[in-house]
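Peer 1: Here you go, this is run28.cif (mmCIF, N, CA and C atoms).
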data_work
#
loop_
_atom_site.label_atom_id
_atom_site.label_comp_id
_atom_site.auth_asym_id
_atom_site.auth_seq_id
_atom_site.Cartn_x
_atom_site.Cartn_y
_atom_site.Cartn_z
N MET A 1 101.22 116.36 -107.81
CA MET A 1 101.77 116.73 -106.53
C MET A 1 100.94 117.82 -105.87
N LYS A 2 100.32 118.69 -106.68
CA LYS A 2 99.47 119.74 -106.13
C LYS A 2 98.30 119.13 -105.38
N LYS A 3 97.71 118.04 -105.93
CA LYS A 3 96.58 117.40 -105.27
C LYS A 3 96.98 116.87 -103.90
N PHE A 4 98.16 116.25 -103.81
CA PHE A 4 98.63 115.70 -102.54
C PHE A 4 98.84 116.81 -101.52
N ALA A 5 99.45 117.92 -101.93
CA ALA A 5 99.68 119.04 -101.02
C ALA A 5 98.36 119.64 -100.55
N LEU A 6 97.41 119.76 -101.47
CA LEU A 6 96.09 120.29 -101.12
C LEU A 6 95.38 119.36 -100.14
N LEU A 7 95.47 118.06 -100.39
CA LEU A 7 94.86 117.07 -99.51
C LEU A 7 95.46 117.13 -98.11
N PHE A 8 96.78 117.22 -98.03
CA PHE A 8 97.44 117.29 -96.73
C PHE A 8 97.04 118.57 -96.00
N ALA A 9 96.96 119.68 -96.73
CA ALA A 9 96.55 120.94 -96.11
C ALA A 9 95.13 120.84 -95.58
N LEU A 10 94.26 120.15 -96.30
CA LEU A 10 92.88 119.96 -95.85
C LEU A 10 92.86 119.15 -94.55
N PHE A 11 93.59 118.04 -94.52
CA PHE A 11 93.62 117.22 -93.30
C PHE A 11 94.22 117.99 -92.13
N ALA A 12 95.25 118.75 -92.39
CA ALA A 12 95.88 119.54 -91.32
C ALA A 12 94.91 120.56 -90.76
N SER A 13 94.10 121.15 -91.64
CA SER A 13 93.18 122.19 -91.19
C SER A 13 92.06 121.64 -90.32
N ILE A 14 91.73 120.36 -90.48
CA ILE A 14 90.67 119.79 -89.64
C ILE A 14 91.23 118.90 -88.53
N GLY A 15 92.53 118.97 -88.31
CA GLY A 15 93.13 118.28 -87.18
C GLY A 15 93.55 116.85 -87.43
N LEU A 16 93.40 116.33 -88.63
CA LEU A 16 93.77 114.94 -88.89
C LEU A 16 95.28 114.77 -89.07
N ALA A 17 96.03 115.86 -89.20
CA ALA A 17 97.47 115.75 -89.36
C ALA A 17 98.11 115.18 -88.09
N GLN A 18 97.41 115.27 -86.95
CA GLN A 18 97.92 114.73 -85.70
C GLN A 18 97.44 113.30 -85.47
N ALA A 19 96.57 112.80 -86.31
CA ALA A 19 96.04 111.45 -86.18
C ALA A 19 97.08 110.44 -86.65
N ASP A 20 96.73 109.18 -86.51
CA ASP A 20 97.59 108.11 -87.00
C ASP A 20 97.37 108.00 -88.51
N VAL A 21 98.21 108.63 -89.30
CA VAL A 21 98.06 108.69 -90.75
C VAL A 21 99.24 108.00 -91.41
N SER A 22 98.97 107.21 -92.45
CA SER A 22 100.05 106.55 -93.16
C SER A 22 99.80 106.58 -94.67
N VAL A 23 100.88 106.55 -95.41
CA VAL A 23 100.84 106.46 -96.86
C VAL A 23 101.19 105.01 -97.21
N PHE A 24 100.44 104.40 -98.11
CA PHE A 24 100.67 103.00 -98.45
C PHE A 24 100.54 102.80 -99.95
N GLY A 25 100.94 101.65 -100.42
CA GLY A 25 100.78 101.35 -101.83
C GLY A 25 101.66 100.21 -102.31
N THR A 26 101.46 99.85 -103.55
CA THR A 26 102.24 98.81 -104.22
C THR A 26 102.50 99.26 -105.65
N MET A 27 103.74 99.18 -106.08
CA MET A 27 104.08 99.49 -107.47
C MET A 27 104.55 98.19 -108.13
N ASP A 28 103.86 97.79 -109.18
CA ASP A 28 104.20 96.57 -109.90
C ASP A 28 104.75 96.96 -111.28
N ALA A 29 106.06 96.88 -111.41
CA ALA A 29 106.71 97.22 -112.66
C ALA A 29 107.29 95.96 -113.30
N GLY A 30 107.26 95.92 -114.60
CA GLY A 30 107.81 94.77 -115.31
C GLY A 30 108.47 95.19 -116.62
N TYR A 31 109.17 94.27 -117.20
CA TYR A 31 109.84 94.48 -118.47
C TYR A 31 109.48 93.29 -119.35
N SER A 32 108.92 93.54 -120.51
CA SER A 32 108.55 92.41 -121.37
C SER A 32 109.29 92.51 -122.71
N SER A 33 109.55 91.36 -123.24
CA SER A 33 110.24 91.26 -124.52
C SER A 33 109.53 90.18 -125.33
N SER A 34 109.19 90.49 -126.57
CA SER A 34 108.50 89.50 -127.39
C SER A 34 108.92 89.63 -128.85
N LYS A 35 108.76 88.54 -129.57
CA LYS A 35 109.08 88.52 -130.99
C LYS A 35 107.99 87.70 -131.69
N ALA A 36 107.27 88.34 -132.58
CA ALA A 36 106.21 87.66 -133.32
C ALA A 36 106.83 86.72 -134.36
N PRO A 37 106.16 85.61 -134.65
CA PRO A 37 106.67 84.70 -135.67
C PRO A 37 106.79 85.39 -137.02
N GLY A 38 107.91 85.20 -137.68
CA GLY A 38 108.14 85.78 -139.00
C GLY A 38 108.67 87.20 -138.97
N VAL A 39 108.80 87.78 -137.79
CA VAL A 39 109.32 89.15 -137.66
C VAL A 39 110.74 89.07 -137.13
N LYS A 40 111.65 89.83 -137.72
CA LYS A 40 113.05 89.77 -137.31
C LYS A 40 113.36 90.61 -136.08
N SER A 41 112.57 91.66 -135.84
CA SER A 41 112.89 92.54 -134.71
C SER A 41 112.19 92.09 -133.42
N LEU A 42 112.84 92.40 -132.33
CA LEU A 42 112.35 92.08 -131.00
C LEU A 42 111.66 93.32 -130.43
N SER A 43 110.51 93.13 -129.82
CA SER A 43 109.78 94.25 -129.22
C SER A 43 109.95 94.20 -127.70
N THR A 44 110.44 95.28 -127.11
CA THR A 44 110.60 95.35 -125.66
C THR A 44 109.83 96.55 -125.13
N THR A 45 109.30 96.40 -123.93
CA THR A 45 108.53 97.48 -123.33
C THR A 45 108.49 97.35 -121.81
N SER A 46 108.26 98.47 -121.17
CA SER A 46 108.04 98.50 -119.72
C SER A 46 106.54 98.28 -119.49
N THR A 47 106.18 97.49 -118.50
CA THR A 47 104.78 97.21 -118.22
C THR A 47 104.42 97.61 -116.80
N SER A 48 103.16 97.90 -116.59
CA SER A 48 102.64 98.25 -115.26
C SER A 48 101.50 97.30 -114.94
N GLY A 49 101.52 96.74 -113.76
CA GLY A 49 100.41 95.91 -113.32
C GLY A 49 100.37 94.52 -113.90
N GLY A 50 101.49 93.87 -114.09
CA GLY A 50 101.51 92.52 -114.62
C GLY A 50 101.05 91.48 -113.61
N MET A 51 101.46 91.61 -112.36
CA MET A 51 101.08 90.65 -111.33
C MET A 51 100.03 91.20 -110.37
N THR A 52 99.95 92.50 -110.24
CA THR A 52 98.91 93.15 -109.43
C THR A 52 98.77 94.59 -109.91
N THR A 53 97.67 95.20 -109.65
CA THR A 53 97.46 96.57 -110.08
C THR A 53 98.19 97.51 -109.12
N SER A 54 99.00 98.41 -109.67
CA SER A 54 99.72 99.38 -108.84
C SER A 54 98.74 100.37 -108.23
N PHE A 55 98.99 100.75 -106.97
CA PHE A 55 98.12 101.70 -106.30
C PHE A 55 98.88 102.45 -105.22
N TRP A 56 98.31 103.55 -104.76
CA TRP A 56 98.84 104.31 -103.64
C TRP A 56 97.66 104.87 -102.85
N GLY A 57 97.90 105.22 -101.60
CA GLY A 57 96.81 105.77 -100.81
C GLY A 57 97.27 106.38 -99.50
N ILE A 58 96.33 107.01 -98.84
CA ILE A 58 96.52 107.60 -97.51
C ILE A 58 95.39 107.08 -96.64
N LYS A 59 95.72 106.60 -95.44
CA LYS A 59 94.68 106.15 -94.52
C LYS A 59 95.06 106.56 -93.11
N GLY A 60 94.06 106.64 -92.27
CA GLY A 60 94.34 107.04 -90.90
C GLY A 60 93.17 106.84 -89.98
N SER A 61 93.43 107.07 -88.72
CA SER A 61 92.39 106.97 -87.70
C SER A 61 92.68 107.99 -86.60
N GLU A 62 91.65 108.34 -85.89
CA GLU A 62 91.76 109.30 -84.80
C GLU A 62 90.98 108.76 -83.62
N ASP A 63 91.64 108.69 -82.47
CA ASP A 63 90.98 108.24 -81.24
C ASP A 63 90.02 109.32 -80.76
N LEU A 64 88.74 108.96 -80.61
CA LEU A 64 87.72 109.92 -80.18
C LEU A 64 87.45 109.81 -78.68
N GLY A 65 88.10 108.87 -78.01
CA GLY A 65 87.88 108.66 -76.58
C GLY A 65 86.81 107.61 -76.34
N ASN A 66 86.79 107.06 -75.13
CA ASN A 66 85.81 106.04 -74.72
C ASN A 66 85.78 104.84 -75.67
N GLY A 67 86.94 104.47 -76.24
CA GLY A 67 87.03 103.31 -77.12
C GLY A 67 86.51 103.54 -78.53
N LYS A 68 86.16 104.76 -78.87
CA LYS A 68 85.65 105.07 -80.20
C LYS A 68 86.75 105.70 -81.06
N LYS A 69 86.64 105.52 -82.38
CA LYS A 69 87.62 106.11 -83.29
C LYS A 69 86.97 106.48 -84.61
N ALA A 70 87.55 107.44 -85.29
CA ALA A 70 87.16 107.83 -86.64
C ALA A 70 88.23 107.31 -87.60
N VAL A 71 87.82 106.86 -88.77
CA VAL A 71 88.77 106.33 -89.76
C VAL A 71 88.49 106.95 -91.12
N PHE A 72 89.52 106.97 -91.97
CA PHE A 72 89.35 107.41 -93.35
C PHE A 72 90.38 106.70 -94.22
N GLU A 73 90.08 106.63 -95.51
CA GLU A 73 91.03 106.09 -96.49
C GLU A 73 90.74 106.70 -97.85
N LEU A 74 91.80 107.09 -98.53
CA LEU A 74 91.74 107.56 -99.92
C LEU A 74 92.82 106.81 -100.68
N SER A 75 92.46 106.08 -101.72
CA SER A 75 93.48 105.38 -102.50
C SER A 75 93.09 105.34 -103.97
N SER A 76 94.11 105.24 -104.80
CA SER A 76 93.92 105.34 -106.24
C SER A 76 94.80 104.33 -106.98
N PHE A 77 94.27 103.80 -108.09
CA PHE A 77 95.08 102.96 -108.96
C PHE A 77 95.97 103.88 -109.79
N ILE A 78 97.18 103.40 -110.11
CA ILE A 78 98.13 104.25 -110.82
C ILE A 78 98.91 103.43 -111.84
N ASN A 79 99.20 104.03 -112.98
CA ASN A 79 100.04 103.42 -114.00
C ASN A 79 101.48 103.87 -113.70
N GLN A 80 102.33 102.97 -113.31
CA GLN A 80 103.69 103.34 -112.92
C GLN A 80 104.54 103.80 -114.09
N ASN A 81 104.13 103.50 -115.31
CA ASN A 81 104.91 103.96 -116.47
C ASN A 81 104.86 105.47 -116.65
N ASN A 82 103.67 106.06 -116.40
CA ASN A 82 103.53 107.49 -116.65
C ASN A 82 102.88 108.27 -115.50
N GLY A 83 102.51 107.59 -114.42
CA GLY A 83 101.91 108.26 -113.27
C GLY A 83 100.45 108.57 -113.44
N ALA A 84 99.82 108.10 -114.51
CA ALA A 84 98.41 108.39 -114.77
C ALA A 84 97.52 107.64 -113.78
N THR A 85 96.44 108.28 -113.40
CA THR A 85 95.43 107.67 -112.54
C THR A 85 94.59 106.72 -113.37
N LEU A 86 94.33 105.53 -112.85
CA LEU A 86 93.51 104.53 -113.52
C LEU A 86 92.20 104.39 -112.76
N GLY A 87 91.15 103.94 -113.43
CA GLY A 87 89.91 103.70 -112.71
C GLY A 87 88.66 103.81 -113.54
N GLY A 88 88.44 102.89 -114.42
CA GLY A 88 87.19 102.85 -115.16
C GLY A 88 87.21 103.66 -116.44
N SER A 89 86.01 103.91 -116.95
CA SER A 89 85.90 104.61 -118.23
C SER A 89 86.15 106.10 -118.10
N THR A 90 86.02 106.65 -116.90
CA THR A 90 86.35 108.05 -116.65
C THR A 90 87.47 108.10 -115.61
N VAL A 91 88.27 109.14 -115.65
CA VAL A 91 89.37 109.25 -114.69
C VAL A 91 88.78 109.60 -113.33
N ASN A 92 88.96 108.71 -112.39
CA ASN A 92 88.45 108.88 -111.04
C ASN A 92 89.65 108.81 -110.10
N THR A 93 90.05 109.93 -109.54
CA THR A 93 91.28 109.98 -108.75
C THR A 93 91.30 108.97 -107.62
N PHE A 94 90.20 108.76 -106.94
CA PHE A 94 90.18 107.80 -105.85
C PHE A 94 89.26 106.63 -106.18
N ALA A 95 89.52 105.96 -107.30
CA ALA A 95 88.69 104.86 -107.76
C ALA A 95 88.83 103.62 -106.89
N ARG A 96 89.94 103.46 -106.20
CA ARG A 96 90.15 102.27 -105.38
C ARG A 96 89.36 102.35 -104.09
N SER A 97 89.47 103.48 -103.37
CA SER A 97 88.69 103.68 -102.16
C SER A 97 88.66 105.15 -101.78
N ALA A 98 87.56 105.55 -101.17
CA ALA A 98 87.40 106.90 -100.64
C ALA A 98 86.27 106.82 -99.62
N PHE A 99 86.64 106.60 -98.36
CA PHE A 99 85.58 106.45 -97.36
C PHE A 99 85.99 107.04 -96.01
N VAL A 100 84.98 107.28 -95.19
CA VAL A 100 85.15 107.70 -93.80
C VAL A 100 84.26 106.81 -92.94
N GLY A 101 84.57 106.76 -91.66
CA GLY A 101 83.75 105.95 -90.78
C GLY A 101 84.04 106.19 -89.33
N VAL A 102 83.23 105.58 -88.50
CA VAL A 102 83.41 105.61 -87.05
C VAL A 102 83.22 104.21 -86.53
N GLY A 103 83.82 103.92 -85.38
CA GLY A 103 83.69 102.60 -84.81
C GLY A 103 84.15 102.55 -83.38
N SER A 104 83.94 101.38 -82.78
CA SER A 104 84.41 101.14 -81.42
C SER A 104 84.75 99.67 -81.29
N ASN A 105 85.57 99.35 -80.30
CA ASN A 105 85.96 97.96 -80.07
C ASN A 105 84.77 97.14 -79.60
N ALA A 106 83.85 97.76 -78.89
CA ALA A 106 82.72 97.03 -78.31
C ALA A 106 81.61 96.75 -79.31
N THR A 107 81.32 97.70 -80.21
CA THR A 107 80.14 97.55 -81.07
C THR A 107 80.46 97.42 -82.56
N GLY A 108 81.71 97.48 -82.95
CA GLY A 108 82.05 97.41 -84.37
C GLY A 108 82.09 98.79 -84.98
N GLY A 109 81.82 98.89 -86.27
CA GLY A 109 81.90 100.19 -86.90
C GLY A 109 81.10 100.27 -88.18
N ILE A 110 81.07 101.46 -88.74
CA ILE A 110 80.38 101.69 -90.00
C ILE A 110 81.24 102.64 -90.84
N THR A 111 81.32 102.34 -92.13
CA THR A 111 82.05 103.21 -93.05
C THR A 111 81.13 103.55 -94.22
N LEU A 112 81.31 104.75 -94.74
CA LEU A 112 80.51 105.22 -95.87
C LEU A 112 81.42 105.74 -96.96
N GLY A 113 81.12 105.37 -98.20
CA GLY A 113 81.91 105.84 -99.33
C GLY A 113 82.27 104.71 -100.28
N ARG A 114 83.25 104.95 -101.14
CA ARG A 114 83.70 103.96 -102.13
C ARG A 114 84.63 102.96 -101.45
N GLN A 115 84.25 101.67 -101.53
CA GLN A 115 85.03 100.62 -100.89
C GLN A 115 85.13 99.41 -101.81
N SER A 116 86.00 98.47 -101.44
CA SER A 116 86.16 97.26 -102.24
C SER A 116 84.90 96.42 -102.21
N ASN A 117 84.69 95.67 -103.30
CA ASN A 117 83.62 94.70 -103.35
C ASN A 117 83.93 93.63 -102.30
N PRO A 118 82.96 93.22 -101.47
CA PRO A 118 83.23 92.24 -100.42
C PRO A 118 83.78 90.90 -100.93
N SER A 119 83.49 90.55 -102.18
CA SER A 119 83.99 89.26 -102.70
C SER A 119 85.37 89.37 -103.35
N PHE A 120 85.92 90.58 -103.48
CA PHE A 120 87.19 90.74 -104.19
C PHE A 120 88.35 90.05 -103.47
N LEU A 121 88.59 90.40 -102.21
CA LEU A 121 89.73 89.80 -101.49
C LEU A 121 89.59 88.29 -101.31
N PRO A 122 88.43 87.75 -100.91
CA PRO A 122 88.32 86.29 -100.82
C PRO A 122 88.60 85.60 -102.15
N THR A 123 88.19 86.22 -103.25
CA THR A 123 88.41 85.63 -104.57
C THR A 123 89.90 85.55 -104.90
N ILE A 124 90.65 86.65 -104.69
CA ILE A 124 92.07 86.61 -105.05
C ILE A 124 92.90 85.82 -104.05
N LEU A 125 92.43 85.72 -102.79
CA LEU A 125 93.18 84.94 -101.81
C LEU A 125 93.19 83.45 -102.15
N PHE A 126 92.12 82.97 -102.79
CA PHE A 126 92.03 81.55 -103.12
C PHE A 126 92.24 81.27 -104.60
N ASN A 127 92.72 82.25 -105.33
CA ASN A 127 93.06 82.10 -106.73
C ASN A 127 94.56 81.81 -106.82
N ALA A 128 94.94 80.76 -107.52
CA ALA A 128 96.35 80.38 -107.61
C ALA A 128 97.22 81.50 -108.21
N TYR A 129 96.63 82.36 -109.01
CA TYR A 129 97.37 83.44 -109.64
C TYR A 129 97.15 84.79 -108.98
N GLY A 130 96.46 84.81 -107.82
CA GLY A 130 96.20 86.08 -107.13
C GLY A 130 95.37 86.98 -108.02
N ASP A 131 95.73 88.26 -108.09
CA ASP A 131 95.00 89.17 -108.99
C ASP A 131 95.86 89.50 -110.20
N SER A 132 96.70 88.53 -110.58
CA SER A 132 97.59 88.70 -111.72
C SER A 132 96.83 88.87 -113.02
N GLY A 133 97.29 89.84 -113.80
CA GLY A 133 96.68 90.05 -115.10
C GLY A 133 97.58 89.56 -116.23
N ALA A 134 98.77 89.07 -115.89
CA ALA A 134 99.71 88.63 -116.92
C ALA A 134 100.32 87.29 -116.54
#
Taking this structure as input, can you express it in the form of structure tokens?
Peer 2:
Amino acid sequence: MKKFALLFALFASIGLAQADVSVFGTMDAGYSSSKAPGVKSLSTTSTSGGMTTSFWGIKGSEDLGNGKKAVFELSSFINQNNGATLGGSTVNTFARSAFVGVGSNATGGITLGRQSNPSFLPTILFNAYGDSGA
């Protein structure tokens, strides 16, 4: 929670608190029950990310005038069971995305930073199971 408060204070100090800012995310929680052959006891557990990876983020844009705008996004994968940040072999708070950019309706835009692989969304959109891991 300290990180979120610090992040908000940073955005407020540079004027982005007045921009179009939103918090977004998906939490995928599940409950699984299994019994191995030859074992009398049933194993039950809470699971995170069975059908999609849980994530949260903050994104926004600011109108710069003359049809131009600035954009940003910070998002992180999260384990809903314990609130731990997920993201590779090292803990990376914003492993999902962390970028800034500028753009206009007339000429398009450019963003710099950590972003999704361009083939990721097309792949899961045409996969019968989406990005399901279970």
Peer 1: What does the distance between CA of Gly49 in chain A and CA of Leu86 in chain A come to in Å, to one decimal place?
Peer 2: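 Computed distance, CA of Gly49 in chain A to CA of Leu86 in chain A, equals 11.0 Å.
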Peer 1: Run the PyMOL selection byres (((chain A and resi 99-110 and name CA) around 9) and name CA) mentally over the shown coordinates, then write out the matched residues as a ChimeraX atom specification, using the chain letters and numbers from the document.
Peer 2: /A:66-74,97-98,111-115
Peer 1: Please enumerate the residues selected by the PyMOL selection byres ((chain A and resi 78) around 7) when evaluated against the supplied file, formatted as a PDB file with N, CA and C atoms, in the coordinates of the input.
Peer 2:
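Final file, out.pdb:
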ATOM      1  N   THR A  53      97.670  95.200-109.650  1.00  0.00           N
ATOM      2  CA  THR A  53      97.460  96.570-110.080  1.00  0.00           C
ATOM      3  C   THR A  53      98.190  97.510-109.120  1.00  0.00           C
ATOM      4  N   SER A  54      99.000  98.410-109.670  1.00  0.00           N
ATOM      5  CA  SER A  54      99.720  99.380-108.840  1.00  0.00           C
ATOM      6  C   SER A  54      98.740 100.370-108.230  1.00  0.00           C
ATOM      7  N   PHE A  55      98.990 100.750-106.970  1.00  0.00           N
ATOM      8  CA  PHE A  55      98.120 101.700-106.300  1.00  0.00           C
ATOM      9  C   PHE A  55      98.880 102.450-105.220  1.00  0.00           C
ATOM     10  N   TRP A  56      98.310 103.550-104.760  1.00  0.00           N
ATOM     11  CA  TRP A  56      98.840 104.310-103.640  1.00  0.00           C
ATOM     12  C   TRP A  56      97.660 104.870-102.850  1.00  0.00           C
ATOM     13  N   SER A  76      94.110 105.240-104.800  1.00  0.00           N
ATOM     14  CA  SER A  76      93.920 105.340-106.240  1.00  0.00           C
ATOM     15  C   SER A  76      94.800 104.330-106.980  1.00  0.00           C
ATOM     16  N   PHE A  77      94.270 103.800-108.090  1.00  0.00           N
ATOM     17  CA  PHE A  77      95.080 102.960-108.960  1.00  0.00           C
ATOM     18  C   PHE A  77      95.970 103.880-109.790  1.00  0.00           C
ATOM     19  N   ASN A  79      99.200 104.030-112.980  1.00  0.00           N
ATOM     20  CA  ASN A  79     100.040 103.420-114.000  1.00  0.00           C
ATOM     21  C   ASN A  79     101.480 103.870-113.700  1.00  0.00           C
ATOM     22  N   GLN A  80     102.330 102.970-113.310  1.00  0.00           N
ATOM     23  CA  GLN A  80     103.690 103.340-112.920  1.00  0.00           C
ATOM     24  C   GLN A  80     104.540 103.800-114.090  1.00  0.00           C
ATOM     25  N   ASN A  81     104.130 103.500-115.310  1.00  0.00           N
ATOM     26  CA  ASN A  81     104.910 103.960-116.470  1.00  0.00           C
ATOM     27  C   ASN A  81     104.860 105.470-116.650  1.00  0.00           C
ATOM     28  N   GLY A  83     102.510 107.590-114.420  1.00  0.00           N
ATOM     29  CA  GLY A  83     101.910 108.260-113.270  1.00  0.00           C
ATOM     30  C   GLY A  83     100.450 108.570-113.440  1.00  0.00           C
ATOM     31  N   ALA A  84      99.820 108.100-114.510  1.00  0.00           N
ATOM     32  CA  ALA A  84      98.410 108.390-114.770  1.00  0.00           C
ATOM     33  C   ALA A  84      97.520 107.640-113.780  1.00  0.00           C
ATOM     34  N   THR A  85      96.440 108.280-113.400  1.00  0.00           N
ATOM     35  CA  THR A  85      95.430 107.670-112.540  1.00  0.00           C
ATOM     36  C   THR A  85      94.590 106.720-113.370  1.00  0.00           C
ATOM     37  N   LEU A  86      94.330 105.530-112.850  1.00  0.00           N
ATOM     38  CA  LEU A  86      93.510 104.530-113.520  1.00  0.00           C
ATOM     39  C   LEU A  86      92.200 104.390-112.760  1.00  0.00           C
ATOM     40  N   GLY A  87      91.150 103.940-113.430  1.00  0.00           N
ATOM     41  CA  GLY A  87      89.910 103.700-112.710  1.00  0.00           C
ATOM     42  C   GLY A  87      88.660 103.810-113.540  1.00  0.00           C
TER      43      GLY A  87
END
Peer 1: Specify as an NGL selection string each residue included when the PyMOL selection byres ((chain A and resi 59) around 6.5) is applied to this file.
Peer 2: :A and (20-24 or 57-58 or 60-61 or 72-74)
Peer 1: Hey, can you check how far atom N of Met51 in chain A sits from CA of Ser34 in chain A?
Peer 2: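 Distance reported for this atom pair: 16.7 Å.
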